[in-house]
$ cat upload_10.cif   # mmCIF, C-alpha atoms
data_final
#
loop_
_atom_site.label_atom_id
_atom_site.label_comp_id
_atom_site.auth_asym_id
_atom_site.auth_seq_id
_atom_site.Cartn_x
_atom_site.Cartn_y
_atom_site.Cartn_z
CA MET E 295 -32.52 25.75 -34.27
CA ARG E 296 -34.52 23.93 -31.61
CA CYS E 297 -31.53 21.61 -30.97
CA THR E 298 -29.23 24.60 -30.66
CA ARG E 299 -31.47 26.22 -28.02
CA ARG E 300 -31.64 22.96 -26.07
CA LEU E 301 -27.87 22.56 -26.28
CA LEU E 302 -27.32 26.14 -25.07
CA ALA E 303 -29.84 25.67 -22.23
CA SER E 304 -28.17 22.41 -21.24
CA MET E 305 -24.73 24.04 -21.26
CA ALA E 306 -26.00 26.95 -19.15
CA MET E 307 -27.58 24.56 -16.62
CA SER E 308 -24.33 22.55 -16.44
CA ALA E 309 -22.38 25.73 -15.71
CA VAL E 310 -24.78 26.67 -12.89
CA VAL E 311 -24.55 23.18 -11.37
CA ALA E 312 -20.74 23.14 -11.62
CA ALA E 313 -20.46 26.58 -10.04
CA SER E 314 -22.67 25.61 -7.11
CA ALA E 315 -21.11 22.17 -6.50
CA PRO E 316 -18.93 21.81 -3.39
CA ALA E 317 -15.17 21.71 -3.87
CA LEU E 318 -13.81 18.28 -4.77
CA ALA E 319 -11.37 16.52 -2.46
CA GLU E 320 -8.62 17.15 -5.00
CA ASP E 321 -9.20 20.87 -4.47
CA ALA E 322 -8.66 20.67 -0.71
CA PRO E 323 -5.78 22.82 0.48
CA SER E 324 -2.36 21.23 0.86
CA THR E 325 -0.56 21.15 4.18
CA ALA E 326 3.02 21.93 5.18
CA PHE E 327 3.70 18.17 5.32
CA ASP E 328 2.32 17.26 1.89
CA GLY E 329 4.86 15.51 -0.28
CA LEU E 330 6.70 12.28 -0.97
CA TYR E 331 8.70 10.46 1.70
CA ASN E 332 11.14 7.56 1.94
CA VAL E 333 10.29 5.51 5.02
CA THR E 334 12.71 3.31 6.94
CA LEU E 335 11.12 0.89 9.40
CA THR E 336 13.63 -0.71 11.78
CA CYS E 337 12.59 -3.42 14.24
CA PRO E 338 15.53 -4.72 16.29
CA PRO E 339 15.48 -8.31 17.56
CA HIS E 340 12.77 -8.95 20.12
CA ASN E 341 14.54 -11.02 22.75
CA GLU E 342 11.76 -11.90 25.12
CA GLU E 343 9.95 -15.22 25.18
CA ASP E 344 9.66 -15.43 21.38
CA ASP E 345 13.14 -14.31 20.19
CA ALA E 346 11.85 -12.72 16.97
CA LYS E 347 14.66 -11.64 14.63
CA GLY E 348 15.17 -8.01 13.71
CA TYR E 349 14.51 -6.50 10.28
CA VAL E 350 14.55 -3.29 8.24
CA HIS E 351 11.98 -2.36 5.58
CA TYR E 352 12.22 0.56 3.15
CA PHE E 353 9.12 1.86 1.39
CA PRO E 354 7.61 5.01 -0.13
CA ALA E 355 4.85 7.10 1.43
CA GLU E 356 2.96 10.21 0.49
CA ILE E 357 1.16 12.84 2.50
CA ARG E 358 -1.55 14.46 0.43
CA GLN E 359 -3.90 17.05 1.94
CA GLY E 360 -2.71 15.96 5.36
CA VAL E 361 -3.38 12.23 4.85
CA LEU E 362 -0.44 9.80 4.94
CA ARG E 363 -0.40 6.54 2.97
CA GLY E 364 2.62 4.25 2.58
CA THR E 365 2.88 0.66 1.40
CA HIS E 366 5.50 -2.08 1.49
CA GLY E 367 5.15 -5.21 -0.63
CA THR E 368 2.17 -6.50 -2.60
CA GLU E 369 -1.26 -5.89 -1.08
CA GLY E 370 -2.77 -8.99 0.46
CA GLN E 371 0.47 -10.99 0.29
CA PRO E 372 2.88 -11.95 3.10
CA SER E 373 5.37 -9.16 3.93
CA TRP E 374 2.85 -6.48 2.88
CA HIS E 375 1.98 -3.59 5.14
CA LEU E 376 -0.01 -0.38 4.82
CA LEU E 377 0.72 2.68 6.94
CA THR E 378 -2.08 5.28 7.10
CA GLY E 379 -3.24 8.25 9.11
CA THR E 380 -3.87 11.96 9.26
CA VAL E 381 -1.08 14.43 9.99
CA PRO E 382 -2.49 17.57 11.64
CA ALA E 383 -1.00 21.06 11.43
CA ASN E 384 1.20 20.53 14.52
CA GLY E 385 2.74 17.35 13.02
CA ALA E 386 2.00 15.12 16.05
CA THR E 387 -0.09 12.06 15.19
CA VAL E 388 -0.83 8.40 15.74
CA LEU E 389 -0.74 6.31 12.56
CA LYS E 390 -2.03 2.79 11.90
CA LEU E 391 -0.06 -0.03 10.32
CA ASP E 392 -1.87 -3.09 8.93
CA GLY E 393 0.25 -5.97 7.67
CA ILE E 394 0.60 -9.65 6.88
CA VAL E 395 3.31 -11.86 8.43
CA SER E 396 5.84 -13.27 5.98
CA ASN E 397 8.42 -15.23 7.98
CA PRO E 398 7.48 -16.44 11.49
CA ALA E 399 11.13 -16.15 12.59
CA TYR E 400 10.72 -12.34 12.45
CA ALA E 401 7.26 -12.17 14.07
CA ILE E 402 6.38 -11.92 17.75
CA ASN E 403 3.85 -14.14 19.51
CA GLY E 404 4.56 -17.10 17.23
CA ALA E 405 2.60 -15.53 14.38
CA THR E 406 2.37 -17.81 11.35
CA ARG E 407 2.93 -16.86 7.71
CA GLY E 408 -0.13 -15.13 6.28
CA LYS E 409 -1.47 -13.92 9.64
CA PRO E 410 -2.74 -10.32 9.56
CA TYR E 411 -1.59 -7.87 12.23
CA THR E 412 -2.22 -4.26 13.20
CA TYR E 413 -0.44 -1.77 15.42
CA ARG E 414 -0.29 1.95 16.05
CA VAL E 415 2.66 4.29 15.51
CA ARG E 416 3.17 7.53 17.43
CA ALA E 417 4.82 9.96 14.98
CA ALA E 418 5.93 13.56 14.74
CA PHE E 419 6.58 15.47 11.51
CA ASP E 420 8.32 18.71 10.63
CA THR E 421 8.90 20.22 7.19
CA SER E 422 11.91 17.98 6.44
CA GLY E 423 10.53 14.64 7.61
CA GLY E 424 9.57 12.82 10.75
CA THR E 425 10.10 10.01 13.20
CA GLY E 426 7.84 7.46 14.83
CA GLN E 427 7.76 4.58 17.28
CA ARG E 428 5.55 1.52 17.37
CA LEU E 429 3.19 1.43 20.34
CA GLY E 430 2.94 -1.89 22.13
CA LYS E 431 5.02 -4.94 22.88
CA ARG E 432 7.76 -4.74 20.25
CA ARG E 433 10.03 -1.78 19.63
CA CYS E 434 10.06 -0.54 16.02
CA ASP E 435 11.32 2.85 14.82
CA PHE E 436 10.19 4.80 11.76
CA VAL E 437 12.11 7.50 9.93
CA PHE E 438 10.31 9.60 7.31
CA LYS E 439 12.73 11.41 4.98
CA ARG E 440 11.14 13.95 2.67
CA ARG E 441 12.18 13.61 -0.95
#
$ encode --input "upload_10.cif" --output "structure tokens"
Amino acid sequence: MRCTRRLLASMAMSAVVAASAPALAEDAPSTAFDGLYNVTLTCPPHNEEDDAKGYVHYFPAEIRQGVLRGTHGTEGQPSWHLLTGTVPANGATVLKLDGIVSNPAYAINGATRGKPYTYRVRAAFDTSGGTGQRLGKRRCDFVFKRR
């Protein structure tokens, strides 16, 4: 009987705590841009002093509760990159891409294999997808196609 009362009191206290706890991140409201995307990253040849070759990468991304995350390759390995950022209600944003050089023939500034790099991407989203452009020395274009 004593154990039953303690169990009931414990259950009641748990219910009070759960009811007064703030909403979890998973309960945050979704946004108009939330969903899965196929990303195409196209960097044409960079024909300045370094003559870096052009390339195209395809990778998945997701926007969840207004936060974008997309990855290409294996984390920490050459040819990997991570695209992240927040997409506000108007769809206009600046994202961040962190990566690791794979083949120096495709990299600007004589970057060697295994060298980390970072750049920003100005992007705009609507309900069907989005586009973006790399900010800085090399031109790269992003297309986000909603699945």
$ resolve_selection --input "upload_10.cif" --expression "the PyMOL selection byres ((chain E and resi 411) around 7)" --output "PDB file with C-alpha atoms, in the coordinates of the input"
ATOM      1  CA  ASP E 392      -1.870  -3.090   8.930  1.00  0.00           C
ATOM      2  CA  GLY E 393       0.250  -5.970   7.670  1.00  0.00           C
ATOM      3  CA  ILE E 394       0.600  -9.650   6.880  1.00  0.00           C
ATOM      4  CA  LYS E 409      -1.470 -13.920   9.640  1.00  0.00           C
ATOM      5  CA  PRO E 410      -2.740 -10.320   9.560  1.00  0.00           C
ATOM      6  CA  THR E 412      -2.220  -4.260  13.200  1.00  0.00           C
ATOM      7  CA  TYR E 413      -0.440  -1.770  15.420  1.00  0.00           C
TER       8      TYR E 413
END
$ atom_distance --input "upload_10.cif" --atom1 "atom CA of E:Val333" --atom2 "atom CA of E:Gly385"
16.2 Å
$ closest_residue --input "upload_10.cif" --among "E:Leu330, E:Ala401, E:Val395, E:Leu362" --to "E:Asp345" --atoms "all atoms listed in the file"
E:Ala401
$ closest_residue --input "upload_10.cif" --among "E:Asn332, E:Pro339, E:Val415, E:Val361" --to "E:Gly430" --atoms "only C-alpha atoms"
E:Val415
$ atom_distance --input "upload_10.cif" --atom1 "atom CA of E:Val381" --atom2 "atom CA of E:Tyr349"
26.1 Å
$ resolve_selection --input "upload_10.cif" --expression "the PyMOL selection byres ((chain E and resi 396) around 9)" --output "ChimeraX atom specification"
/E:371-374,394-395,397-401,406-409
$ closest_residue --input "upload_10.cif" --among "E:Arg358, E:His340, E:Lys431, E:Lys390" --to "E:Arg414" --atoms "all atoms listed in the file"
E:Lys390
$ residues_near_point --input "upload_10.cif" --point "(6.2, -4.3, 4.6)" --cutoff "8 Å" --atoms "all atoms listed in the file" --output "list in words"
His351, Tyr352, Phe353, Thr365, His366, Gly367, Ser373, Trp374, His375, Leu376 and Gly393 of chain E
$ atom_distance --input "upload_10.cif" --atom1 "atom CA of E:Arg433" --atom2 "atom CA of E:Glu369"
23.9 Å
$ closest_atom_pairs --input "upload_10.cif" --of "stretch 319-400 of chain E" --to "stretch 424-429 of chain E" --cutoff "10 Å" --atoms "only C-alpha atoms" --output "JSON lines"
{"residue": "E:Phe327", "atom": "CA", "partner": "E:Gly424", "partner_atom": "CA", "distance": 9.6}
{"residue": "E:Tyr331", "atom": "CA", "partner": "E:Gly424", "partner_atom": "CA", "distance": 9.4}
{"residue": "E:Val333", "atom": "CA", "partner": "E:Gly424", "partner_atom": "CA", "distance": 9.3}
{"residue": "E:Thr334", "atom": "CA", "partner": "E:Thr425", "partner_atom": "CA", "distance": 9.5}
{"residue": "E:Leu335", "atom": "CA", "partner": "E:Gly426", "partner_atom": "CA", "distance": 9.1}
{"residue": "E:Thr336", "atom": "CA", "partner": "E:Gln427", "partner_atom": "CA", "distance": 9.6}
{"residue": "E:Cys337", "atom": "CA", "partner": "E:Arg428", "partner_atom": "CA", "distance": 9.2}
{"residue": "E:Gly385", "atom": "CA", "partner": "E:Gly424", "partner_atom": "CA", "distance": 8.5}
{"residue": "E:Ala386", "atom": "CA", "partner": "E:Gly424", "partner_atom": "CA", "distance": 9.5}
{"residue": "E:Thr387", "atom": "CA", "partner": "E:Gly426", "partner_atom": "CA", "distance": 9.2}
{"residue": "E:Val388", "atom": "CA", "partner": "E:Gly426", "partner_atom": "CA", "distance": 8.8}
{"residue": "E:Leu389", "atom": "CA", "partner": "E:Gly426", "partner_atom": "CA", "distance": 8.9}
{"residue": "E:Lys390", "atom": "CA", "partner": "E:Arg428", "partner_atom": "CA", "distance": 9.4}
{"residue": "E:Leu391", "atom": "CA", "partner": "E:Arg428", "partner_atom": "CA", "distance": 9.1}
$ build_atoms --input "upload_10.cif" --residues "stretch 321-332 of chain E" --atoms "all heavy atoms" --output "compact mmCIF listing (two decimals), in the frame of the given file"
# COMPACT_ATOMS: atom_id res chain seq x y z
N ASP E 321 -9.37 19.43 -4.60
CA ASP E 321 -9.20 20.87 -4.47
C ASP E 321 -8.93 21.30 -3.03
O ASP E 321 -8.77 22.47 -2.75
CB ASP E 321 -10.44 21.60 -4.98
CG ASP E 321 -10.64 21.40 -6.48
OD1 ASP E 321 -9.65 21.15 -7.18
OD2 ASP E 321 -11.79 21.47 -6.94
N ALA E 322 -8.91 20.33 -2.10
CA ALA E 322 -8.66 20.67 -0.71
C ALA E 322 -7.26 21.27 -0.59
O ALA E 322 -6.36 20.92 -1.34
CB ALA E 322 -8.79 19.42 0.17
N PRO E 323 -7.09 22.18 0.35
CA PRO E 323 -5.78 22.82 0.48
C PRO E 323 -4.70 21.84 0.92
O PRO E 323 -4.96 20.90 1.66
CB PRO E 323 -6.01 23.89 1.56
CG PRO E 323 -7.21 23.45 2.29
CD PRO E 323 -8.04 22.64 1.34
N SER E 324 -3.49 22.07 0.46
CA SER E 324 -2.36 21.23 0.86
C SER E 324 -1.92 21.66 2.26
O SER E 324 -2.31 22.70 2.77
CB SER E 324 -1.23 21.34 -0.13
OG SER E 324 -0.74 22.65 -0.17
N THR E 325 -1.09 20.83 2.86
CA THR E 325 -0.56 21.15 4.18
C THR E 325 0.95 21.28 4.09
O THR E 325 1.56 20.90 3.09
CB THR E 325 -0.91 20.04 5.21
OG1 THR E 325 -0.15 18.88 4.90
CG2 THR E 325 -2.39 19.71 5.20
N ALA E 326 1.56 21.75 5.16
CA ALA E 326 3.02 21.93 5.18
C ALA E 326 3.74 20.60 5.05
O ALA E 326 4.91 20.56 4.67
CB ALA E 326 3.44 22.62 6.48
N PHE E 327 3.06 19.49 5.36
CA PHE E 327 3.70 18.17 5.32
C PHE E 327 3.44 17.42 4.03
O PHE E 327 4.00 16.34 3.83
CB PHE E 327 3.22 17.33 6.51
CG PHE E 327 3.37 18.06 7.81
CD1 PHE E 327 2.26 18.48 8.52
CD2 PHE E 327 4.63 18.35 8.32
CE1 PHE E 327 2.40 19.16 9.72
CE2 PHE E 327 4.78 19.04 9.51
CZ PHE E 327 3.66 19.45 10.22
N ASP E 328 2.62 17.95 3.15
CA ASP E 328 2.32 17.26 1.89
C ASP E 328 3.59 17.04 1.09
O ASP E 328 4.45 17.91 1.00
CB ASP E 328 1.32 18.07 1.05
CG ASP E 328 -0.10 17.96 1.56
OD1 ASP E 328 -0.32 17.33 2.61
OD2 ASP E 328 -1.01 18.48 0.89
N GLY E 329 3.70 15.83 0.54
CA GLY E 329 4.86 15.51 -0.28
C GLY E 329 5.16 14.03 -0.24
O GLY E 329 4.44 13.23 0.37
N LEU E 330 6.26 13.66 -0.90
CA LEU E 330 6.70 12.28 -0.97
C LEU E 330 7.78 12.03 0.07
O LEU E 330 8.63 12.89 0.31
CB LEU E 330 7.23 11.97 -2.37
CG LEU E 330 6.24 12.19 -3.52
CD1 LEU E 330 6.93 11.96 -4.85
CD2 LEU E 330 5.03 11.29 -3.36
N TYR E 331 7.77 10.82 0.65
CA TYR E 331 8.70 10.46 1.70
C TYR E 331 9.29 9.08 1.44
O TYR E 331 8.62 8.21 0.88
CB TYR E 331 8.00 10.41 3.07
CG TYR E 331 7.54 11.76 3.55
CD1 TYR E 331 6.36 12.33 3.08
CD2 TYR E 331 8.28 12.48 4.48
CE1 TYR E 331 5.93 13.57 3.52
CE2 TYR E 331 7.87 13.72 4.93
CZ TYR E 331 6.68 14.27 4.45
OH TYR E 331 6.28 15.50 4.88
N ASN E 332 10.53 8.88 1.86
CA ASN E 332 11.14 7.56 1.94
C ASN E 332 11.05 7.15 3.41
O ASN E 332 11.47 7.90 4.28
CB ASN E 332 12.60 7.58 1.50
CG ASN E 332 12.73 7.84 0.01
OD1 ASN E 332 11.94 7.34 -0.78
ND2 ASN E 332 13.71 8.63 -0.37
